[in-house]
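Content type mmCIF, C-alpha atoms, from the file run.cif:
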data_protein
loop_
_atom_site.label_atom_id
_atom_site.label_comp_id
_atom_site.auth_asym_id
_atom_site.auth_seq_id
_atom_site.Cartn_x
_atom_site.Cartn_y
_atom_site.Cartn_z
CA MET B 1 255.99 177.35 316.77
CA GLY B 2 255.01 177.01 320.41
CA GLY B 3 254.37 179.57 323.10
CA LYS B 4 251.54 181.94 323.78
CA VAL B 5 249.48 183.20 320.84
CA ILE B 6 248.50 186.88 320.83
CA ARG B 7 245.63 187.57 318.46
CA PHE B 8 245.95 190.81 316.51
CA GLY B 9 243.58 192.95 314.55
CA ILE B 10 244.95 195.37 311.95
CA ILE B 11 243.18 198.67 311.30
CA GLY B 12 244.56 200.19 308.12
CA CYS B 13 245.52 197.68 305.44
CA GLY B 14 247.99 199.80 303.49
CA LEU B 15 251.76 199.56 303.16
CA MET B 16 252.67 199.23 306.84
CA GLY B 17 249.76 196.94 307.62
CA ARG B 18 251.08 194.51 305.00
CA GLU B 19 254.60 194.78 306.42
CA LEU B 20 253.38 193.83 309.90
CA ALA B 21 251.34 190.95 308.49
CA SER B 22 254.37 189.69 306.59
CA ALA B 23 256.49 189.82 309.76
CA ALA B 24 253.86 187.78 311.61
CA ALA B 25 253.65 185.21 308.83
CA ARG B 26 257.40 184.46 309.15
CA TRP B 27 257.54 184.42 312.95
CA LEU B 28 259.38 181.09 312.71
CA HIS B 29 262.34 183.24 311.65
CA LEU B 30 262.76 184.14 315.35
CA THR B 31 264.22 181.70 317.85
CA GLY B 32 263.17 181.49 321.48
CA ALA B 33 260.26 183.93 321.23
CA LYS B 34 257.98 183.80 324.29
CA ALA B 35 254.86 184.41 322.19
CA ARG B 36 253.79 184.80 318.60
CA PRO B 37 251.22 187.04 316.90
CA GLU B 38 248.35 185.78 314.79
CA ILE B 39 246.38 188.15 312.56
CA VAL B 40 242.71 187.25 313.05
CA ALA B 41 240.90 190.42 311.92
CA VAL B 42 241.49 193.30 309.52
CA CYS B 43 239.71 196.57 308.86
CA ASP B 44 239.91 199.15 306.11
CA THR B 45 237.43 201.47 304.40
CA ASN B 46 238.68 200.05 301.08
CA PRO B 47 237.52 196.40 300.84
CA VAL B 48 240.01 195.71 298.03
CA LEU B 49 242.93 196.24 300.41
CA MET B 50 241.54 193.62 302.79
CA ASP B 51 241.47 190.98 300.05
CA TRP B 52 245.26 190.61 300.22
CA PHE B 53 245.07 189.78 303.94
CA ALA B 54 242.20 187.34 303.56
CA THR B 55 244.04 185.61 300.70
CA HIS B 56 247.47 185.35 302.32
CA LEU B 57 246.66 184.89 306.02
CA PRO B 58 244.61 181.79 306.85
CA GLY B 59 244.01 183.04 310.41
CA VAL B 60 241.95 186.04 309.30
CA ARG B 61 238.36 185.38 310.33
CA GLN B 62 236.97 188.90 310.23
CA THR B 63 237.13 191.58 307.54
CA THR B 64 235.20 194.78 308.12
CA THR B 65 235.06 198.39 306.95
CA ASP B 66 233.97 199.53 310.44
CA TYR B 67 236.78 199.57 313.00
CA ARG B 68 234.26 199.46 315.86
CA GLU B 69 233.18 196.00 314.67
CA LEU B 70 236.78 194.85 314.93
CA LEU B 71 237.08 196.33 318.44
CA ALA B 72 233.94 194.45 319.50
CA ASN B 73 235.50 191.15 318.43
CA PRO B 74 236.40 189.18 321.60
CA GLU B 75 238.99 187.17 319.64
CA VAL B 76 241.16 190.27 319.21
CA ASP B 77 243.70 190.80 322.02
CA ALA B 78 245.74 193.62 320.49
CA VAL B 79 245.50 196.07 317.61
CA TYR B 80 248.01 197.49 315.18
CA CYS B 81 246.57 200.76 313.86
CA ALA B 82 248.01 202.45 310.76
CA VAL B 83 245.66 205.22 309.64
CA PRO B 84 246.15 208.89 308.63
CA HIS B 85 247.22 211.18 311.46
CA LEU B 86 243.86 212.94 311.66
CA LEU B 87 242.19 209.70 312.81
CA HIS B 88 244.58 208.87 315.65
CA ALA B 89 242.76 210.97 318.27
CA GLU B 90 239.47 209.25 317.42
CA MET B 91 240.62 205.66 317.04
CA TYR B 92 243.41 205.22 319.59
CA PRO B 93 241.22 206.06 322.63
CA GLU B 94 238.49 203.77 321.27
CA ILE B 95 240.98 200.92 320.96
CA LEU B 96 242.08 201.38 324.58
CA LYS B 97 238.48 201.73 325.79
CA ALA B 98 237.75 198.36 324.17
CA GLY B 99 240.51 196.83 326.31
CA LYS B 100 242.84 196.07 323.41
CA HIS B 101 246.61 196.51 323.60
CA LEU B 102 247.70 199.15 321.09
CA PHE B 103 250.63 199.25 318.72
CA GLY B 104 249.96 202.55 316.93
CA GLU B 105 251.61 204.35 314.10
CA LYS B 106 253.37 207.62 314.70
CA PRO B 107 252.92 210.45 315.46
CA PHE B 108 250.15 209.58 317.99
CA GLY B 109 247.91 212.47 316.94
CA MET B 110 247.98 215.10 314.21
CA ASP B 111 249.19 217.75 316.66
CA ALA B 112 249.88 218.30 320.36
CA ALA B 113 246.20 218.86 321.19
CA GLN B 114 245.25 215.51 319.65
CA ASN B 115 248.16 213.83 321.38
CA ARG B 116 246.83 215.07 324.73
CA ILE B 117 243.51 213.32 323.98
CA ILE B 118 245.36 210.07 323.32
CA ASP B 119 247.56 210.57 326.36
CA ALA B 120 244.52 211.00 328.61
CA ALA B 121 243.14 207.71 327.28
CA VAL B 122 246.48 205.98 327.96
CA LYS B 123 246.41 207.20 331.57
CA ALA B 124 242.79 206.06 331.94
CA HIS B 125 243.54 202.53 330.67
CA GLN B 126 246.83 201.53 332.24
CA ASP B 127 245.86 197.85 332.12
CA VAL B 128 246.74 197.72 328.40
CA LEU B 129 250.14 198.06 326.77
CA VAL B 130 250.60 201.01 324.40
CA ARG B 131 253.57 201.53 322.11
CA CYS B 132 254.37 203.66 319.05
CA SER B 133 255.89 202.32 315.84
CA SER B 134 259.53 203.25 315.17
CA GLU B 135 261.56 200.52 313.51
CA MET B 136 264.89 202.09 312.50
CA PRO B 137 266.61 201.87 315.93
CA PHE B 138 266.26 198.08 315.67
CA PHE B 139 269.00 197.90 313.03
CA PRO B 140 272.07 196.23 314.60
CA GLY B 141 274.23 199.26 313.83
CA ALA B 142 271.79 201.56 315.61
CA GLN B 143 271.84 199.25 318.62
CA LYS B 144 275.65 199.41 318.59
CA VAL B 145 275.56 203.22 318.75
CA ILE B 146 273.01 203.12 321.59
CA ASP B 147 275.11 200.61 323.52
CA PHE B 148 278.27 202.69 322.91
CA VAL B 149 276.59 205.70 324.50
CA ARG B 150 275.05 203.75 327.39
CA LYS B 151 278.45 202.34 328.31
CA GLY B 152 279.86 205.86 328.71
CA HIS B 153 282.31 205.72 325.81
CA VAL B 154 281.36 209.14 324.44
CA GLY B 155 282.33 211.36 327.36
CA GLU B 156 281.35 215.02 327.06
CA ILE B 157 279.12 215.32 324.01
CA LEU B 158 279.93 217.76 321.21
CA GLU B 159 276.94 217.16 318.95
CA VAL B 160 274.24 214.63 318.11
CA GLU B 161 272.67 214.45 314.66
CA SER B 162 269.67 212.27 313.77
CA CYS B 163 268.28 212.20 310.23
CA PHE B 164 265.57 210.64 308.10
CA LEU B 165 265.91 211.50 304.42
CA HIS B 166 263.60 210.77 301.48
CA SER B 167 264.18 211.68 297.85
CA SER B 168 261.00 210.88 295.91
CA ASP B 169 259.31 214.22 296.62
CA ILE B 170 261.89 216.07 294.53
CA ASN B 171 259.70 214.98 291.60
CA PRO B 172 257.07 217.73 291.16
CA ASP B 173 254.93 215.34 289.12
CA LYS B 174 254.49 212.92 292.01
CA PRO B 175 250.73 212.87 292.76
CA ILE B 176 249.57 214.36 296.02
CA ASN B 177 248.52 212.07 298.86
CA TRP B 178 247.13 212.63 302.35
CA LYS B 179 250.58 213.32 303.81
CA ARG B 180 250.65 216.53 301.74
CA VAL B 181 247.27 217.76 303.05
CA VAL B 182 247.42 219.88 306.22
CA GLY B 183 243.90 218.90 307.29
CA VAL B 184 244.82 215.21 307.33
CA ASN B 185 248.56 215.08 308.00
CA GLY B 186 248.73 218.15 310.23
CA GLU B 187 250.68 221.39 310.00
CA TYR B 188 253.90 219.65 311.09
CA GLY B 189 254.25 218.41 307.51
CA CYS B 190 257.36 216.26 307.12
CA MET B 191 258.05 216.52 310.86
CA GLY B 192 254.81 214.80 311.78
CA ASP B 193 255.49 211.78 309.61
CA LEU B 194 259.24 211.48 310.25
CA GLY B 195 259.71 213.10 313.66
CA MET B 196 259.51 209.95 315.76
CA HIS B 197 262.14 208.36 313.54
CA VAL B 198 264.68 211.05 314.43
CA LEU B 199 263.64 211.54 318.07
CA HIS B 200 263.20 207.96 319.30
CA VAL B 201 266.90 207.38 320.07
CA PRO B 202 267.67 210.87 321.44
CA LEU B 203 264.68 210.79 323.78
CA ARG B 204 265.49 207.21 324.85
CA LEU B 205 269.01 208.33 325.76
CA GLY B 206 267.68 211.29 327.75
CA TRP B 207 268.58 214.01 325.25
CA LYS B 208 265.59 216.35 325.53
CA PRO B 209 266.23 219.77 323.97
CA GLU B 210 265.21 222.72 326.15
CA ALA B 211 264.73 225.06 323.18
CA VAL B 212 264.82 224.73 319.40
CA SER B 213 265.34 226.75 316.25
CA ALA B 214 264.17 225.46 312.89
CA THR B 215 264.42 226.03 309.17
CA LEU B 216 261.32 224.83 307.35
CA VAL B 217 261.45 224.44 303.56
CA LYS B 218 258.51 224.36 301.18
CA ARG B 219 259.57 223.94 297.56
CA VAL B 220 256.70 222.11 295.83
CA THR B 221 253.56 224.21 296.28
CA THR B 222 251.24 222.28 293.95
CA ARG B 223 250.98 218.65 292.88
CA PRO B 224 248.85 216.69 290.41
CA ASP B 225 245.74 215.09 291.92
CA GLY B 226 245.65 212.17 289.48
CA LYS B 227 242.58 213.63 287.77
CA GLY B 228 244.30 216.11 285.50
CA ASN B 229 244.37 218.98 287.99
CA GLN B 230 247.05 220.74 290.02
CA VAL B 231 246.08 221.17 293.67
CA PRO B 232 247.75 223.03 296.56
CA CYS B 233 250.48 221.12 298.42
CA MET B 234 250.60 222.96 301.74
CA THR B 235 252.80 220.83 304.00
CA TRP B 236 256.47 221.46 304.69
CA ASP B 237 258.86 219.47 302.48
CA ASN B 238 261.95 219.63 304.71
CA ALA B 239 262.74 220.58 308.29
CA THR B 240 266.11 221.06 309.93
CA VAL B 241 265.74 221.51 313.67
CA THR B 242 268.53 222.39 316.08
CA GLY B 243 267.91 221.99 319.78
CA THR B 244 269.98 222.77 322.83
CA VAL B 245 270.40 219.87 325.26
CA LYS B 246 271.52 220.55 328.83
CA ALA B 247 274.23 218.16 330.00
CA GLU B 248 276.57 217.85 332.95
CA GLY B 249 279.62 218.16 330.73
CA GLY B 250 278.22 221.18 328.92
CA ASP B 251 275.30 221.98 326.63
CA PHE B 252 275.36 220.48 323.14
CA PRO B 253 273.36 220.81 319.91
CA LEU B 254 270.90 218.15 318.81
CA VAL B 255 270.35 218.39 315.05
CA LEU B 256 267.23 216.74 313.62
CA LYS B 257 266.61 216.44 309.89
CA THR B 258 263.28 215.31 308.46
CA TRP B 259 263.62 215.79 304.73
CA ARG B 260 261.24 214.60 302.02
CA ILE B 261 263.38 216.27 299.35
CA ALA B 262 266.89 214.91 299.85
CA PRO B 263 268.54 214.49 296.43
CA GLY B 264 269.92 211.01 295.94
CA GLU B 265 268.61 209.53 299.18
CA SER B 266 266.17 206.66 299.55
CA ASN B 267 264.66 206.35 303.01
CA THR B 268 268.03 206.90 304.70
CA TRP B 269 268.07 206.93 308.52
CA SER B 270 271.18 207.85 310.46
CA ILE B 271 272.42 208.66 313.97
CA ARG B 272 275.75 210.35 314.73
CA VAL B 273 277.13 211.07 318.21
CA LEU B 274 280.36 213.05 318.58
CA GLY B 275 282.13 213.26 321.94
CA MET B 276 285.42 214.12 323.63
CA LYS B 277 286.22 210.49 324.51
CA GLY B 278 284.46 208.66 321.71
CA SER B 279 282.17 209.00 318.72
CA ALA B 280 279.80 206.68 316.89
CA PHE B 281 277.84 206.69 313.64
CA PHE B 282 275.37 204.46 311.81
CA THR B 283 273.41 204.91 308.61
CA THR B 284 271.01 202.54 306.88
CA LYS B 285 272.86 203.42 303.69
CA SER B 286 275.51 200.97 304.95
CA PRO B 287 273.29 198.55 306.87
CA ARG B 288 275.91 195.99 307.84
CA GLN B 289 278.45 198.46 309.23
CA TRP B 290 278.84 200.97 312.01
CA GLN B 291 281.67 203.40 312.72
CA PHE B 292 283.21 204.32 316.06
CA MET B 293 286.18 206.10 317.54
CA HIS B 294 287.88 205.84 320.94
CA TYR B 295 290.09 208.82 321.74
CA GLU B 296 292.75 209.41 324.40
CA ALA B 297 294.46 212.75 325.02
CA GLY B 298 297.24 213.23 322.46
CA GLY B 299 296.38 210.01 320.69
CA PRO B 300 295.27 209.44 317.09
CA GLN B 301 291.77 210.32 315.95
CA CYS B 302 290.86 207.25 313.90
CA TRP B 303 287.42 206.05 312.87
CA GLN B 304 287.06 202.29 312.95
CA VAL B 305 284.56 200.47 310.76
CA GLU B 306 283.09 197.15 311.87
CA ASP B 307 281.10 194.78 309.68
CA LEU B 308 278.25 193.51 311.83
CA GLY B 309 276.48 190.97 309.72
CA TYR B 310 273.21 189.78 311.23
CA GLN B 311 273.33 190.56 314.96
CA SER B 312 269.73 191.24 315.94
CA LEU B 313 268.23 192.22 319.28
CA PHE B 314 265.99 189.14 319.16
CA PRO B 315 267.82 186.00 317.94
CA THR B 316 266.87 184.50 314.58
CA ILE B 317 267.76 181.55 312.39
CA THR B 318 269.82 183.81 310.07
CA GLY B 319 273.55 183.27 310.19
CA GLY B 320 275.73 186.15 311.36
CA ILE B 321 277.50 186.40 308.01
CA PHE B 322 274.35 187.69 306.30
CA GLU B 323 272.87 191.18 306.01
CA PHE B 324 270.10 192.80 308.05
CA GLY B 325 267.40 194.84 306.25
CA PHE B 326 264.24 196.90 306.66
CA THR B 327 261.86 193.92 306.87
CA ASP B 328 264.06 192.50 309.63
CA ALA B 329 263.84 195.80 311.54
CA ILE B 330 260.04 195.66 311.27
CA GLN B 331 259.99 192.13 312.68
CA GLN B 332 262.42 193.01 315.47
CA MET B 333 260.27 196.01 316.44
CA TRP B 334 257.17 193.88 316.56
CA ALA B 335 259.05 191.18 318.47
CA ALA B 336 259.83 193.80 321.13
CA PHE B 337 256.13 194.64 321.46
CA VAL B 338 255.05 191.00 321.58
CA ASP B 339 257.77 190.24 324.13
CA GLU B 340 256.42 192.95 326.43
CA LEU B 341 252.90 191.60 325.98
CA SER B 342 254.15 188.21 327.17
CA GLY B 343 255.82 189.67 330.27
CA GLY B 344 259.31 190.31 328.88
CA ASP B 345 261.45 193.45 328.88
CA ALA B 346 261.83 193.71 325.08
CA ASN B 347 265.43 192.52 325.53
CA GLY B 348 266.30 195.92 326.94
CA PHE B 349 264.93 198.11 324.14
CA GLN B 350 261.21 198.88 324.10
CA CYS B 351 259.31 200.30 321.18
CA ALA B 352 258.65 204.03 321.50
CA THR B 353 256.49 204.77 324.56
CA PRO B 354 253.52 207.14 325.00
CA GLN B 355 255.82 209.34 327.09
CA GLU B 356 258.26 209.58 324.19
CA ALA B 357 255.41 210.25 321.77
CA ALA B 358 254.23 213.13 323.98
CA ASP B 359 257.77 214.48 324.30
CA HIS B 360 258.30 214.33 320.55
CA HIS B 361 255.09 216.33 320.05
CA ALA B 362 256.48 218.97 322.40
CA VAL B 363 259.64 219.22 320.30
CA LEU B 364 257.73 219.33 316.99
CA THR B 365 255.29 221.96 318.27
CA ALA B 366 258.18 224.20 319.31
CA ALA B 367 259.99 223.53 316.03
CA LEU B 368 256.91 224.49 314.00
CA GLU B 369 256.62 227.80 315.84
CA ALA B 370 260.36 228.39 315.57
CA GLY B 371 260.34 227.77 311.84
CA LYS B 372 257.36 230.03 311.21
CA THR B 373 258.60 232.92 313.37
CA GLY B 374 262.37 232.68 313.04
CA ARG B 375 262.76 232.57 316.82
CA VAL B 376 264.32 230.17 319.28
CA VAL B 377 261.36 228.56 321.06
CA PRO B 378 261.39 226.77 324.43
CA VAL B 379 260.08 223.19 324.40
CA ALA B 380 257.09 222.73 326.72
CA TYR B 381 257.17 219.13 327.97
CA GLY B 382 253.76 218.60 329.55
CA ARG B 383 253.26 214.91 330.37
CA ALA B 384 254.25 213.76 333.84
CA ALA B 385 256.78 210.96 333.82
#

Here is the file; what I need is its structure written in the form of structure tokens.
Amino acid sequence: MGGKVIRFGIIGCGLMGRELASAAARWLHLTGAKARPEIVAVCDTNPVLMDWFATHLPGVRQTTTDYRELLANPEVDAVYCAVPHLLHAEMYPEILKAGKHLFGEKPFGMDAAQNRIIDAAVKAHQDVLVRCSSEMPFFPGAQKVIDFVRKGHVGEILEVESCFLHSSDINPDKPINWKRVVGVNGEYGCMGDLGMHVLHVPLRLGWKPEAVSATLVKRVTTRPDGKGNQVPCMTWDNATVTGTVKAEGGDFPLVLKTWRIAPGESNTWSIRVLGMKGSAFFTTKSPRQWQFMHYEAGGPQCWQVEDLGYQSLFPTITGGIFEFGFTDAIQQMWAAFVDELSGGDANGFQCATPQEAADHHAVLTAALEAGKTGRVVPVAYGRAA
């Protein structure tokens, strides 16, 4: 593998840290990449988690429990940071201050106030590239829906629905973790962890709701702590948010679902756009297909289904007859970030931007108030474009 090498440090060696490391280890899967990542340093407060990286990645030359030691390492060019939401406002500005490019996990702060701290740091360090993790739009079917809209096939929009659905939290015996603790996850609850997933594509396509209503559901109020006790589970389980988007052809509803209790689902992401001229739909439940409809006045209303196979944003060695999956989406997302770092345009689809992260906080803040008060709440977009 030739090309420029971008040396990464990983802060947070849990599930997503391992996914990113795995994607880097199989970079030869991509063809024609301008640059490639190399993991040279890892950091976690749990030394056991770092052992996996040191064992599987020969390029790792630094393991530390202090993230400031990693930031002081001159061999690190860029950082992927995957830590609980509470720590974003502390760590993200420090990463930028150290002159490292940042690929950070959502939601870029536990709440809007913390996001403003991060946003100020982004503005103060415009010499580094900052992006937010959001992998689902890199599925080929999602890209087909985005392209369908960009080409004007939809016409006047009737409705847009974007969903991210889990099922495991329907089990009341599932032990509590930090995402169920308001002081660590934030009061957004399920919206904070899943909100960027459902808002990345709408915001990218310019669909910014002016006001929102929301129904917030809390069904499991206590969970086992793994030590024989039941402890309070205070975060929202499900959120259904409906926003009003202003459009030239008429206002339309934007429906956002972030559900941790979705019976029968398993990490299902979907985007559906319904319009007067055309409609499009993709769900990860059927990863190799997308659905679309072209409509003419008086003509038939027929959904068409196309098998896509492996048609990725960044070319790979995989033949088109095969199926695209979650680990491929992770690698494609990271390829977009690395491409930008090497001077590219992410093949026309960047990872989520700080602007989009700020805008999604504005939507979630309004949705939280709407859900708690039963009112329709205006969305206060505060960051200058």

- Message: With all atoms listed in the file as the counted atoms, please give the residues lying no more than 8 Å from range 200-217 of chain B, apart from itself and same-chain residues fewer than 2 positions off, as JSON, numbers by chain.
- Response: {"B": [134, 137, 146, 150, 196, 197, 198, 219, 236, 237, 238, 239, 240, 241, 242, 243, 244, 245, 246, 254, 352, 356, 359, 360, 363, 366, 367, 368, 370, 371, 372, 374, 375, 376, 377, 378, 379]}

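Nearest to Lys277 in chain B of all the residues B:Leu71, B:Ile157, B:Val76, B:Ala124 is B:Ile157, counting only C-alpha atoms.
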
- Item | the PyMOL selection byres ((chain B and resi 26-28) around 12) applied to the shown file, residues as a ChimeraX atom specification | /B:1-3,5,19-25,29-39,57,314-318,327-328,330-332,334-335,338

- So which residues get picked by the PyMOL selection byres ((chain B and resi 100) around 10) here, written as number ranges by chain? B: 8-9, 71-72, 74, 76-80, 92, 94-99, 101-103, 125, 127-130

Give me a file of those residues, with C-alpha atoms, as a CSV table (one decimal), keeping the file's coordinate frame.
chain,number,residue,atom,x,y,z
B,8,PHE,CA,246.0,190.8,316.5
B,9,GLY,CA,243.6,193.0,314.6
B,71,LEU,CA,237.1,196.3,318.4
B,72,ALA,CA,233.9,194.4,319.5
B,74,PRO,CA,236.4,189.2,321.6
B,76,VAL,CA,241.2,190.3,319.2
B,77,ASP,CA,243.7,190.8,322.0
B,78,ALA,CA,245.7,193.6,320.5
B,79,VAL,CA,245.5,196.1,317.6
B,80,TYR,CA,248.0,197.5,315.2
B,92,TYR,CA,243.4,205.2,319.6
B,94,GLU,CA,238.5,203.8,321.3
B,95,ILE,CA,241.0,200.9,321.0
B,96,LEU,CA,242.1,201.4,324.6
B,97,LYS,CA,238.5,201.7,325.8
B,98,ALA,CA,237.8,198.4,324.2
B,99,GLY,CA,240.5,196.8,326.3
B,101,HIS,CA,246.6,196.5,323.6
B,102,LEU,CA,247.7,199.2,321.1
B,103,PHE,CA,250.6,199.2,318.7
B,125,HIS,CA,243.5,202.5,330.7
B,127,ASP,CA,245.9,197.8,332.1
B,128,VAL,CA,246.7,197.7,328.4
B,129,LEU,CA,250.1,198.1,326.8
B,130,VAL,CA,250.6,201.0,324.4

- Message: Once the PyMOL selection byres ((chain B and resi 194) around 10) is applied to the coordinates I shared, what remains selected? I want it as a ChimeraX atom specification.
- Response: /B:106-107,134,163-166,188-193,195-199,239,257-260

- Task: Might you pull out every residue within 12 Å of Gly228 in chain B, with all atoms listed in the file counted and same-chain residues fewer than 6 positions away left off, and present them as a list in words?
- Result: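 Residues meeting the cut-off are Asp173, Pro175 and Ile176 of chain B.
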
- Atomic distance CA of Thr365 in chain B - CA of Glu159 in chain B, expressed in Å with one decimal: 22.2 Å

- How many Å lie between CA of Met293 in chain B and CA of Ser279 in chain B, rounded to one decimal?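 Interatomic distance, CA of Met293 in chain B to CA of Ser279 in chain B: 5.1 Å.
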
- Task: Measuring atom to atom with all atoms listed in the file, identify which of B:Cys13, B:Ala120, B:Ile170, B:Leu86 is nearest to Ile261 in chain B.
- Result: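 Smallest separation from Ile261 in chain B among the options: B:Ile170.
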
- Task: Take CA of Thr63 in chain B and CA of Ala41 in chain B and report the distance between them in Å, one decimal.
- Result: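 Between these atoms lies a distance of 5.9 Å.
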
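Counting all atoms listed in the file and comparing B:Ser286, B:Thr65, B:Asn347, B:Ser312, the residue that lies closest to Phe139 in chain B is B:Ser312.
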
- Can you work out which one of B:Ser162, B:Val220, B:Ile6, B:Pro354 has the shortest atom-to-atom distance to Met136 in chain B, counting only C-alpha atoms?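 Nearest candidate to Met136 in chain B out of B:Ser162, B:Val220, B:Ile6, B:Pro354: B:Ser162.
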
- Query: For Gly343 in chain B, which of B:Gln143, B:Lys4, B:Lys151, B:Glu296 is the closest residue, counting only C-alpha atoms?
  - Reply: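 Among the listed residues, the smallest separation from Gly343 in chain B belongs to B:Lys4.
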
- Message: So that I can see what lies close to Pro47 in chain B, please list as a VMD selection string the residues with an atom at most 8 Å from it, counting all atoms listed in the file and leaving out residues fewer than 3 positions away in the same chain.
- Response: chain B and resid 44 50 to 51 64 to 65

Pull C-alpha atoms from the residues just selected and write them as an mmCIF file, keeping the file's coordinate frame.
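File result13.cif, as written:
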data_model
loop_
_atom_site.group_PDB
_atom_site.id
_atom_site.type_symbol
_atom_site.label_atom_id
_atom_site.label_comp_id
_atom_site.auth_asym_id
_atom_site.auth_seq_id
_atom_site.Cartn_x
_atom_site.Cartn_y
_atom_site.Cartn_z
ATOM 1 C CA ASP B 44 239.910 199.150 306.110
ATOM 2 C CA MET B 50 241.540 193.620 302.790
ATOM 3 C CA ASP B 51 241.470 190.980 300.050
ATOM 4 C CA THR B 64 235.200 194.780 308.120
ATOM 5 C CA THR B 65 235.060 198.390 306.950
#

- Task: Write out as a PyMOL selection string the residues lying within 7 Å of Ala112 in chain B, counting all atoms listed in the file and excluding same-chain residues fewer than 3 positions away.
- Result: chain B and resi 115-116+361-362+365

Output file for the residues above (C-alpha atoms, as a short mmCIF file (atom, residue, chain, number, x, y, z; two decimals), keeping the file's coordinate frame):
data_model
loop_
_atom_site.label_atom_id
_atom_site.label_comp_id
_atom_site.auth_asym_id
_atom_site.auth_seq_id
_atom_site.Cartn_x
_atom_site.Cartn_y
_atom_site.Cartn_z
CA ASN B 115 248.16 213.83 321.38
CA ARG B 116 246.83 215.07 324.73
CA HIS B 361 255.09 216.33 320.05
CA ALA B 362 256.48 218.97 322.40
CA THR B 365 255.29 221.96 318.27
#

- Message: Measuring between only C-alpha atoms, which one of B:Phe252, B:Phe108, B:Trp52, B:Tyr310 shows the shortest distance to Ser133 in chain B?
- Response: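 Closest residue, counting only C-alpha atoms: B:Phe108.
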